[in-house]
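Data block below; observations after.
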Amino acid sequence: MSPSAELPSRDALASRVVPSMIFSDGSPSSMTPPPQPSLESDTTKRAQNRFTVQGNAVVTGGAGTLGLQSCEALLEHGLNGLMILDANPTHAGTKITELQKKFPHAKITTLQVDVTDEVAVNAAMDTTTQTLGSIDALICFVGIVGCVETLDMPVSQWRNVIDVNTTGSFICAQAAARRMVAQGTGGSITFIASISAHRVNYPQPQAAYNVSKAGVLMLKNCLAAEWARYGIRTNSISPGYMDTILNEGDGIAEHRRVWAARNPSGRMGVPAELTGAVVLLGHPDYEIHTMLRIAIP
């Protein structure tokens, strides 16, 4: 097929019909009603309920350091069911077994999934609904990074980073949202973006990663606007440099020194510092219209 044959004709463009977004009216009968005042008289319990998580969550990249820490926090706050999707969940098998023992009330399971494969992702979401009963929250941790001079970057590497980080996030969000809409119960989607989506990193060159995460931010904005009427809250968290295995090793010791020196706190973040934001955005009554972006330096 010639390039010109792939493009619509000018006549076709002039006659096209463009769909329009539909916003909720915010009425009590809508999927975006005003929150109801708590009937709990005990102030301590009322405060605890403000950060109680309910239902079932899918966590992509959940076998990684950041993902596992957040999985544990969600379970601590009452999560009933957890599906961990990861390219290689077995490498965290021991830690996942520990979670299952620590939270016997919850159903915790894993699936090996490539987030760039829409057929596999949809099958995983079907398995999740069959196993857990519903999908009430999606948290997307999955992502890859590659530091290379852009002049030397193979186009295949660029495409792979964008495909995993941005397209993979879209595929998972679309698949989860379709189940949430079918359930008629709403839900929450939280993307893990990055400080790299807001600023150019220094001193390492990583244009593909930065662009991929900036794309995740705009994806979040678009989905928050489109899916609000279904009661689906879409937000993102932008961690800064986190002290995980991805940032270990003598080969990047100087980079670690620079990252810490350029941070007002004088250090990198630790995974536990991310969990509060994840729990907040996973709460069932978090106000839908805020579309919060949390950046953690």
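A note on labels: chains of the structure tokens are A, B, ... as shown, every chain counts residues from 1, and ligands are counted from 1 in their shown order.
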Spatial neighbours of Gln54 (chain A), max dist 8 Å, only C-alpha atoms, sep filter under 5 positions, as a PDB file with N, CA and C atoms, in the first residue's frame:
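New file result_34.pdb:
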ATOM      1  N   GLY A  78      -7.163  -2.430  53.926  1.00  0.00           N
ATOM      2  CA  GLY A  78      -8.419  -3.130  53.758  1.00  0.00           C
ATOM      3  C   GLY A  78      -8.711  -3.735  52.411  1.00  0.00           C
ATOM      4  N   LEU A  79      -7.780  -3.669  51.456  1.00  0.00           N
ATOM      5  CA  LEU A  79      -8.030  -4.251  50.136  1.00  0.00           C
ATOM      6  C   LEU A  79      -8.442  -5.709  50.265  1.00  0.00           C
ATOM      7  N   ASN A  80      -9.490  -6.096  49.547  1.00  0.00           N
ATOM      8  CA  ASN A  80     -10.017  -7.458  49.643  1.00  0.00           C
ATOM      9  C   ASN A  80      -9.353  -8.445  48.698  1.00  0.00           C
ATOM     10  N   HIS A 283      -8.756   5.171  47.487  1.00  0.00           N
ATOM     11  CA  HIS A 283      -9.927   5.242  48.357  1.00  0.00           C
ATOM     12  C   HIS A 283     -11.194   5.380  47.516  1.00  0.00           C
ATOM     13  N   PRO A 284     -12.258   4.620  47.829  1.00  0.00           N
ATOM     14  CA  PRO A 284     -13.460   4.634  46.980  1.00  0.00           C
ATOM     15  C   PRO A 284     -14.200   5.955  46.938  1.00  0.00           C
TER      16      PRO A 284
END
Which residues in region 53-255 of chain A does DSSP call strand (DSSP E or B)? List them as a short mmCIF file (atom, residue, chain, number, x, y, z; two decimals) with N, CA and C atoms, in the first residue's frame.
data_model
loop_
_atom_site.label_atom_id
_atom_site.label_comp_id
_atom_site.auth_asym_id
_atom_site.auth_seq_id
_atom_site.Cartn_x
_atom_site.Cartn_y
_atom_site.Cartn_z
N ASN A 56 -11.23 -4.75 44.97
CA ASN A 56 -10.12 -5.49 44.39
C ASN A 56 -9.29 -4.60 43.48
N ALA A 57 -7.99 -4.82 43.51
CA ALA A 57 -7.08 -4.00 42.71
C ALA A 57 -6.21 -4.86 41.81
N VAL A 58 -5.92 -4.32 40.63
CA VAL A 58 -4.92 -4.88 39.73
C VAL A 58 -3.71 -3.96 39.78
N VAL A 59 -2.53 -4.54 40.01
CA VAL A 59 -1.31 -3.75 40.07
C VAL A 59 -0.34 -4.27 39.02
N THR A 60 -0.10 -3.48 37.98
CA THR A 60 0.85 -3.90 36.97
C THR A 60 2.26 -3.54 37.42
N GLY A 81 -9.04 -7.97 47.50
CA GLY A 81 -8.44 -8.85 46.50
C GLY A 81 -7.36 -8.14 45.73
N LEU A 82 -6.30 -8.87 45.35
CA LEU A 82 -5.16 -8.28 44.67
C LEU A 82 -4.70 -9.18 43.54
N MET A 83 -4.63 -8.63 42.34
CA MET A 83 -4.05 -9.32 41.20
C MET A 83 -2.78 -8.58 40.80
N ILE A 84 -1.65 -9.26 40.90
CA ILE A 84 -0.37 -8.68 40.51
C ILE A 84 -0.04 -9.15 39.09
N LEU A 85 0.06 -8.20 38.17
CA LEU A 85 0.46 -8.50 36.80
C LEU A 85 1.90 -8.05 36.62
N ASP A 86 2.75 -8.95 36.12
CA ASP A 86 4.16 -8.63 35.99
C ASP A 86 4.75 -9.49 34.89
N LYS A 107 -7.60 -12.21 48.97
CA LYS A 107 -7.23 -13.15 47.91
C LYS A 107 -6.15 -12.49 47.07
N ILE A 108 -4.96 -13.06 47.08
CA ILE A 108 -3.80 -12.49 46.40
C ILE A 108 -3.29 -13.48 45.37
N THR A 109 -3.22 -13.05 44.13
CA THR A 109 -2.76 -13.94 43.08
C THR A 109 -1.95 -13.16 42.05
N THR A 110 -1.27 -13.87 41.17
CA THR A 110 -0.40 -13.23 40.19
C THR A 110 -0.61 -13.84 38.81
N LEU A 111 -0.25 -13.06 37.80
CA LEU A 111 -0.25 -13.53 36.42
C LEU A 111 0.96 -12.93 35.70
N GLN A 112 1.57 -13.73 34.85
CA GLN A 112 2.66 -13.23 34.01
C GLN A 112 2.05 -12.64 32.75
N ALA A 137 -9.90 -1.12 41.16
CA ALA A 137 -8.77 -0.19 41.07
C ALA A 137 -7.68 -0.78 40.19
N LEU A 138 -7.01 0.09 39.47
CA LEU A 138 -5.85 -0.28 38.67
C LEU A 138 -4.72 0.67 39.03
N ILE A 139 -3.55 0.12 39.36
CA ILE A 139 -2.37 0.93 39.61
C ILE A 139 -1.29 0.45 38.66
N CYS A 140 -0.79 1.34 37.81
CA CYS A 140 0.18 0.97 36.77
C CYS A 140 1.59 1.37 37.17
N GLY A 187 -14.66 3.19 39.72
CA GLY A 187 -13.37 2.67 40.15
C GLY A 187 -12.30 3.74 40.07
N SER A 188 -11.07 3.34 40.27
CA SER A 188 -9.95 4.28 40.24
C SER A 188 -8.81 3.71 39.41
N ILE A 189 -8.16 4.59 38.67
CA ILE A 189 -6.98 4.23 37.90
C ILE A 189 -5.87 5.20 38.30
N THR A 190 -4.73 4.65 38.68
CA THR A 190 -3.60 5.47 39.09
C THR A 190 -2.38 5.09 38.26
N PHE A 191 -1.87 6.06 37.52
CA PHE A 191 -0.65 5.84 36.76
C PHE A 191 0.55 6.30 37.58
N ILE A 192 1.62 5.53 37.52
CA ILE A 192 2.88 5.98 38.12
C ILE A 192 3.68 6.62 37.00
N ILE A 232 -15.21 6.69 37.12
CA ILE A 232 -13.81 6.24 37.13
C ILE A 232 -12.91 7.45 37.38
N ARG A 233 -12.18 7.42 38.47
CA ARG A 233 -11.26 8.48 38.82
C ARG A 233 -9.87 8.13 38.27
N THR A 234 -9.28 9.03 37.53
CA THR A 234 -7.98 8.76 36.91
C THR A 234 -6.97 9.80 37.38
N ASN A 235 -5.88 9.34 37.99
CA ASN A 235 -4.88 10.21 38.57
C ASN A 235 -3.48 9.69 38.26
N SER A 236 -2.47 10.47 38.62
CA SER A 236 -1.10 10.02 38.44
C SER A 236 -0.24 10.49 39.60
N ILE A 237 0.83 9.75 39.82
CA ILE A 237 1.83 10.08 40.83
C ILE A 237 3.17 10.18 40.12
N SER A 238 3.94 11.20 40.43
CA SER A 238 5.24 11.39 39.77
C SER A 238 6.37 11.27 40.79
N PRO A 239 6.88 10.06 41.01
CA PRO A 239 8.00 9.92 41.95
C PRO A 239 9.27 10.55 41.40
N MET A 242 14.06 7.22 43.18
CA MET A 242 13.74 6.32 44.28
C MET A 242 14.88 5.32 44.49
#
Can you list every residue of region 180-287 of chain A that has an atom at most 10 Å from region 10-31 of chain A, with its nearest atom pair and the distance in Å to one decimal, using only C-alpha atoms, ordered by chain then number, as a Markdown table?
| residue | atom | partner | partner_atom | distance |
| --- | --- | --- | --- | --- |
| A:Gly184 | CA | A:Met31 | CA | 8.5 |
| A:Thr185 | CA | A:Met31 | CA | 8.0 |
| A:Gly186 | CA | A:Met31 | CA | 7.1 |
| A:Ala225 | CA | A:Phe23 | CA | 7.7 |
| A:Glu226 | CA | A:Met21 | CA | 6.1 |
| A:Trp227 | CA | A:Phe23 | CA | 8.4 |
| A:Ala228 | CA | A:Ser24 | CA | 6.9 |
| A:Arg229 | CA | A:Ser24 | CA | 4.5 |
| A:Tyr230 | CA | A:Met31 | CA | 5.7 |
| A:Gly231 | CA | A:Met31 | CA | 4.7 |
| A:Ile232 | CA | A:Met31 | CA | 8.5 |
Write the selection just made, keeping N, CA and C atoms, as a compact mmCIF listing (two decimals), in the first residue's frame?
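What landed in result23.txt:
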# COMPACT_ATOMS: atom_id res chain seq x y z
N GLY A 184 -20.65 -1.22 36.41
CA GLY A 184 -21.51 -0.12 36.82
C GLY A 184 -21.19 0.41 38.20
N THR A 185 -19.97 0.16 38.67
CA THR A 185 -19.60 0.55 40.03
C THR A 185 -18.52 1.62 40.08
N GLY A 186 -18.01 2.05 38.93
CA GLY A 186 -16.92 3.01 38.93
C GLY A 186 -15.63 2.36 39.37
N ALA A 225 -11.00 13.08 32.03
CA ALA A 225 -12.11 13.85 31.45
C ALA A 225 -13.14 12.94 30.80
N GLU A 226 -12.68 11.95 30.05
CA GLU A 226 -13.60 11.08 29.30
C GLU A 226 -14.38 10.13 30.20
N TRP A 227 -13.71 9.60 31.22
CA TRP A 227 -14.31 8.49 31.98
C TRP A 227 -14.94 8.92 33.30
N ALA A 228 -14.91 10.21 33.61
CA ALA A 228 -15.50 10.66 34.86
C ALA A 228 -16.97 10.28 34.95
N ARG A 229 -17.69 10.36 33.85
CA ARG A 229 -19.13 10.08 33.88
C ARG A 229 -19.44 8.63 34.25
N TYR A 230 -18.43 7.77 34.14
CA TYR A 230 -18.62 6.37 34.53
C TYR A 230 -18.23 6.13 35.99
N GLY A 231 -17.86 7.20 36.67
CA GLY A 231 -17.42 7.05 38.06
C GLY A 231 -16.00 6.52 38.17
N ILE A 232 -15.21 6.69 37.12
CA ILE A 232 -13.81 6.24 37.13
C ILE A 232 -12.91 7.45 37.38
Quiz item: Which residues, written as a list in words, have at least one atom at most 8 Å from region 160-168 of chain A, with only C-alpha atoms counted and residues fewer than 3 positions away on the same chain left out?
Solution: Val115, Thr116, Asp117, Val142, Gly143, Ile144, Val145, Gly146, Ser156, Gln157, Ile171, Cys172, Ala208, Tyr209, Val211, Ser212, Lys213, Gly215 and Val216 of chain A
Self-check item: CA of Pro154 (chain A) to CA of Glu118 (chain A), distance in Å rounded to a single decimal
Solution: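 If I compute the distance from CA of Pro154 (chain A) to CA of Glu118 (chain A), I get 24.7 Å.
Closest approach to Asn210 (chain A) among A:Ala63, A:Ala193, A:Val113, A:Ala224: A:Ala193, based on only C-alpha atoms.
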Exercise. For each of A:Thr129, A:Thr97, A:Ser134, A:Gln204, take the minimum atom-to-atom distance to Glu149 (chain A), counting only C-alpha atoms, then give the residue where this is smallest.
Key: A:Gln204
Self-check item: Of the listed residues A:Gln183, A:Gln206, A:Asn201, A:Asn122, that which approaches Met153 (chain A) most closely, counting only C-alpha atoms
Solution: A:Gln206
Identify, with DSSP run on backbone atoms, the residues in region 2-204 of chain A assigned to alpha helix (DSSP H), and express the list as a CSV table (one decimal) with N, CA and C atoms, in the first residue's frame.
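Generated file (result_19.csv):
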chain,number,residue,atom,x,y,z
A,3,PRO,N,2.0,5.2,0.6
A,3,PRO,CA,1.7,6.1,1.7
A,3,PRO,C,0.4,6.9,1.5
A,4,SER,N,0.1,7.3,0.3
A,4,SER,CA,-1.0,8.2,0.0
A,4,SER,C,-2.3,7.4,0.2
A,5,ALA,N,-2.3,6.1,0.0
A,5,ALA,CA,-3.4,5.2,0.1
A,5,ALA,C,-3.8,5.0,1.6
A,6,GLU,N,-2.9,5.2,2.5
A,6,GLU,CA,-3.1,5.0,3.9
A,6,GLU,C,-3.8,6.2,4.5
A,10,ARG,N,-9.4,14.1,1.2
A,10,ARG,CA,-9.9,15.4,1.7
A,10,ARG,C,-11.4,15.4,1.8
A,11,ASP,N,-12.1,14.6,0.9
A,11,ASP,CA,-13.6,14.5,0.9
A,11,ASP,C,-14.0,13.8,2.2
A,12,ALA,N,-13.2,12.7,2.5
A,12,ALA,CA,-13.5,11.9,3.7
A,12,ALA,C,-13.4,12.7,5.0
A,13,LEU,N,-12.3,13.5,5.0
A,13,LEU,CA,-12.1,14.4,6.2
A,13,LEU,C,-13.2,15.4,6.3
A,14,ALA,N,-13.7,15.9,5.2
A,14,ALA,CA,-14.8,16.9,5.3
A,14,ALA,C,-16.1,16.3,5.7
A,43,THR,N,-15.0,9.3,66.4
A,43,THR,CA,-14.1,10.1,65.5
A,43,THR,C,-12.9,9.3,65.1
A,44,THR,N,-12.4,8.4,65.9
A,44,THR,CA,-11.3,7.6,65.5
A,44,THR,C,-11.6,6.7,64.3
A,45,LYS,N,-12.7,6.1,64.4
A,45,LYS,CA,-13.2,5.2,63.3
A,45,LYS,C,-13.5,6.0,62.0
A,46,ARG,N,-14.0,7.2,62.2
A,46,ARG,CA,-14.3,8.1,61.1
A,46,ARG,C,-13.1,8.5,60.4
A,47,ALA,N,-12.0,8.7,61.2
A,47,ALA,CA,-10.7,9.1,60.6
A,47,ALA,C,-10.1,7.9,59.8
A,48,GLN,N,-10.3,6.7,60.4
A,48,GLN,CA,-9.7,5.5,59.8
A,48,GLN,C,-10.5,5.2,58.5
A,49,ASN,N,-11.8,5.4,58.5
A,49,ASN,CA,-12.6,5.1,57.3
A,49,ASN,C,-12.2,6.0,56.1
A,65,THR,N,9.9,-3.5,43.3
A,65,THR,CA,10.1,-2.9,44.7
A,65,THR,C,9.0,-1.9,45.0
A,66,LEU,N,8.8,-0.9,44.1
A,66,LEU,CA,7.7,0.0,44.4
A,66,LEU,C,6.4,-0.6,44.4
A,67,GLY,N,6.1,-1.5,43.4
A,67,GLY,CA,4.8,-2.1,43.3
A,67,GLY,C,4.5,-2.9,44.6
A,68,LEU,N,5.4,-3.7,45.0
A,68,LEU,CA,5.2,-4.6,46.2
A,68,LEU,C,4.9,-3.8,47.4
A,69,GLN,N,5.7,-2.7,47.6
A,69,GLN,CA,5.4,-1.9,48.8
A,69,GLN,C,4.0,-1.3,48.8
A,70,SER,N,3.6,-0.9,47.6
A,70,SER,CA,2.2,-0.3,47.5
A,70,SER,C,1.1,-1.4,47.7
A,71,CYS,N,1.4,-2.6,47.2
A,71,CYS,CA,0.5,-3.7,47.3
A,71,CYS,C,0.3,-3.9,48.8
A,72,GLU,N,1.3,-4.0,49.6
A,72,GLU,CA,1.2,-4.2,51.0
A,72,GLU,C,0.5,-3.1,51.7
A,73,ALA,N,0.7,-1.8,51.3
A,73,ALA,CA,0.0,-0.7,51.9
A,73,ALA,C,-1.5,-0.8,51.6
A,74,LEU,N,-1.9,-1.2,50.4
A,74,LEU,CA,-3.3,-1.3,50.1
A,74,LEU,C,-3.9,-2.4,50.9
A,75,LEU,N,-3.2,-3.5,51.1
A,75,LEU,CA,-3.8,-4.6,51.9
A,75,LEU,C,-3.9,-4.2,53.3
A,76,GLU,N,-3.0,-3.4,53.8
A,76,GLU,CA,-3.0,-2.9,55.2
A,76,GLU,C,-4.3,-2.0,55.4
A,93,GLY,N,8.5,-14.2,44.2
A,93,GLY,CA,7.6,-15.2,44.7
A,93,GLY,C,7.6,-15.3,46.2
A,94,THR,N,8.8,-15.3,46.8
A,94,THR,CA,8.8,-15.4,48.3
A,94,THR,C,8.1,-14.2,49.0
A,95,LYS,N,8.3,-13.0,48.5
A,95,LYS,CA,7.7,-11.8,49.1
A,95,LYS,C,6.2,-11.9,48.9
A,96,ILE,N,5.7,-12.4,47.7
A,96,ILE,CA,4.3,-12.5,47.5
A,96,ILE,C,3.7,-13.5,48.4
A,97,THR,N,4.4,-14.6,48.6
A,97,THR,CA,3.9,-15.6,49.6
A,97,THR,C,3.8,-15.1,51.0
A,98,GLU,N,4.8,-14.2,51.3
A,98,GLU,CA,4.7,-13.6,52.6
A,98,GLU,C,3.5,-12.7,52.8
A,99,LEU,N,3.1,-12.0,51.7
A,99,LEU,CA,1.9,-11.1,51.7
A,99,LEU,C,0.7,-12.0,51.9
A,100,GLN,N,0.6,-13.1,51.2
A,100,GLN,CA,-0.5,-14.0,51.4
A,100,GLN,C,-0.7,-14.5,52.8
A,101,LYS,N,0.5,-14.8,53.5
A,101,LYS,CA,0.4,-15.2,54.8
A,101,LYS,C,0.0,-14.1,55.8
A,102,LYS,N,0.5,-12.9,55.5
A,102,LYS,CA,0.3,-11.8,56.3
A,102,LYS,C,-1.1,-11.2,56.3
A,118,GLU,N,-2.3,-6.6,23.9
A,118,GLU,CA,-3.6,-6.3,24.3
A,118,GLU,C,-4.5,-7.5,24.5
A,119,VAL,N,-4.2,-8.6,23.7
A,119,VAL,CA,-4.9,-9.8,23.9
A,119,VAL,C,-4.6,-10.5,25.3
A,120,ALA,N,-3.3,-10.5,25.6
A,120,ALA,CA,-2.9,-11.0,26.9
A,120,ALA,C,-3.5,-10.2,28.1
A,121,VAL,N,-3.5,-8.9,27.9
A,121,VAL,CA,-3.9,-8.0,29.0
A,121,VAL,C,-5.4,-8.2,29.2
A,122,ASN,N,-6.2,-8.3,28.1
A,122,ASN,CA,-7.6,-8.5,28.2
A,122,ASN,C,-8.0,-9.8,28.8
A,123,ALA,N,-7.2,-10.8,28.5
A,123,ALA,CA,-7.4,-12.2,29.1
A,123,ALA,C,-7.1,-12.1,30.6
A,124,ALA,N,-6.1,-11.3,31.0
A,124,ALA,CA,-5.7,-11.2,32.4
A,124,ALA,C,-6.8,-10.5,33.1
A,125,MET,N,-7.4,-9.5,32.5
A,125,MET,CA,-8.5,-8.8,33.2
A,125,MET,C,-9.7,-9.7,33.3
A,126,ASP,N,-10.0,-10.5,32.3
A,126,ASP,CA,-11.1,-11.5,32.4
A,126,ASP,C,-10.8,-12.5,33.6
A,127,THR,N,-9.6,-12.9,33.6
A,127,THR,CA,-9.2,-13.9,34.7
A,127,THR,C,-9.4,-13.2,36.1
A,128,THR,N,-9.0,-11.9,36.2
A,128,THR,CA,-9.2,-11.2,37.4
A,128,THR,C,-10.6,-11.1,37.9
A,129,THR,N,-11.5,-10.8,37.0
A,129,THR,CA,-12.9,-10.6,37.3
A,129,THR,C,-13.5,-12.0,37.7
A,130,GLN,N,-13.0,-13.1,37.1
A,130,GLN,CA,-13.5,-14.4,37.4
A,130,GLN,C,-12.9,-14.8,38.8
A,131,THR,N,-11.7,-14.4,39.1
A,131,THR,CA,-11.0,-14.9,40.3
A,131,THR,C,-11.5,-14.0,41.5
A,132,LEU,N,-11.5,-12.7,41.3
A,132,LEU,CA,-11.7,-11.8,42.4
A,132,LEU,C,-13.2,-11.3,42.5
A,155,VAL,N,16.4,3.3,17.0
A,155,VAL,CA,14.9,3.6,16.9
A,155,VAL,C,14.1,2.5,17.6
A,156,SER,N,14.6,1.2,17.5
A,156,SER,CA,13.9,0.1,18.2
A,156,SER,C,13.9,0.3,19.7
A,157,GLN,N,14.9,0.9,20.3
A,157,GLN,CA,14.9,1.1,21.7
A,157,GLN,C,13.8,2.2,22.1
A,158,TRP,N,13.8,3.3,21.3
A,158,TRP,CA,12.8,4.3,21.5
A,158,TRP,C,11.4,3.7,21.4
A,159,ARG,N,11.1,2.9,20.4
A,159,ARG,CA,9.8,2.4,20.3
A,159,ARG,C,9.5,1.4,21.4
A,160,ASN,N,10.4,0.7,21.9
A,160,ASN,CA,10.2,-0.3,23.0
A,160,ASN,C,9.8,0.5,24.3
A,161,VAL,N,10.5,1.5,24.6
A,161,VAL,CA,10.3,2.3,25.8
A,161,VAL,C,8.9,2.9,25.7
A,162,ILE,N,8.5,3.5,24.6
A,162,ILE,CA,7.2,4.1,24.4
A,162,ILE,C,6.1,3.1,24.5
A,168,GLY,N,1.5,0.6,26.9
A,168,GLY,CA,1.2,-0.4,27.9
A,168,GLY,C,0.2,0.1,28.9
A,169,SER,N,0.5,1.4,29.4
A,169,SER,CA,-0.4,2.0,30.4
A,169,SER,C,-1.8,2.2,29.8
A,170,PHE,N,-1.9,2.6,28.5
A,170,PHE,CA,-3.2,2.8,27.8
A,170,PHE,C,-3.9,1.4,27.7
A,171,ILE,N,-3.2,0.4,27.3
A,171,ILE,CA,-3.8,-0.9,27.1
A,171,ILE,C,-4.4,-1.4,28.4
A,172,CYS,N,-3.7,-1.3,29.5
A,172,CYS,CA,-4.2,-1.8,30.8
A,172,CYS,C,-5.3,-0.9,31.3
A,173,ALA,N,-5.2,0.4,31.1
A,173,ALA,CA,-6.3,1.3,31.6
A,173,ALA,C,-7.6,1.0,30.8
A,174,GLN,N,-7.5,0.9,29.5
A,174,GLN,CA,-8.7,0.6,28.7
A,174,GLN,C,-9.3,-0.7,29.1
A,175,ALA,N,-8.5,-1.7,29.2
A,175,ALA,CA,-9.1,-3.0,29.6
A,175,ALA,C,-9.7,-3.0,31.0
A,176,ALA,N,-9.1,-2.4,31.9
A,176,ALA,CA,-9.7,-2.3,33.3
A,176,ALA,C,-10.9,-1.4,33.3
A,177,ALA,N,-10.9,-0.3,32.5
A,177,ALA,CA,-12.1,0.6,32.5
A,177,ALA,C,-13.3,-0.1,31.9
A,178,ARG,N,-13.1,-0.9,30.9
A,178,ARG,CA,-14.2,-1.6,30.2
A,178,ARG,C,-14.9,-2.5,31.2
A,179,ARG,N,-14.1,-3.1,32.1
A,179,ARG,CA,-14.7,-4.0,33.1
A,179,ARG,C,-15.4,-3.1,34.2
A,180,MET,N,-14.8,-2.0,34.6
A,180,MET,CA,-15.5,-1.1,35.5
A,180,MET,C,-16.8,-0.6,35.0
A,181,VAL,N,-16.8,-0.2,33.7
A,181,VAL,CA,-18.1,0.3,33.1
A,181,VAL,C,-19.1,-0.8,33.1
A,182,ALA,N,-18.7,-2.0,32.7
A,182,ALA,CA,-19.6,-3.1,32.7
A,182,ALA,C,-20.2,-3.4,34.1
A,183,GLN,N,-19.4,-3.3,35.1
A,183,GLN,CA,-19.8,-3.5,36.5
A,183,GLN,C,-20.8,-2.4,36.9
Self-check item: Atomic distance CA of Gly269 (chain A) - CA of Thr244 (chain A), expressed in Å with one decimal
Solution: 9.0 Å
Quiz prompt | Computed interatomic separation between CA of Pro37 (chain A) and CA of Gly276 (chain A) (Å) | solution =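 Separation of CA of Pro37 (chain A) and CA of Gly276 (chain A): 23.0 Å.
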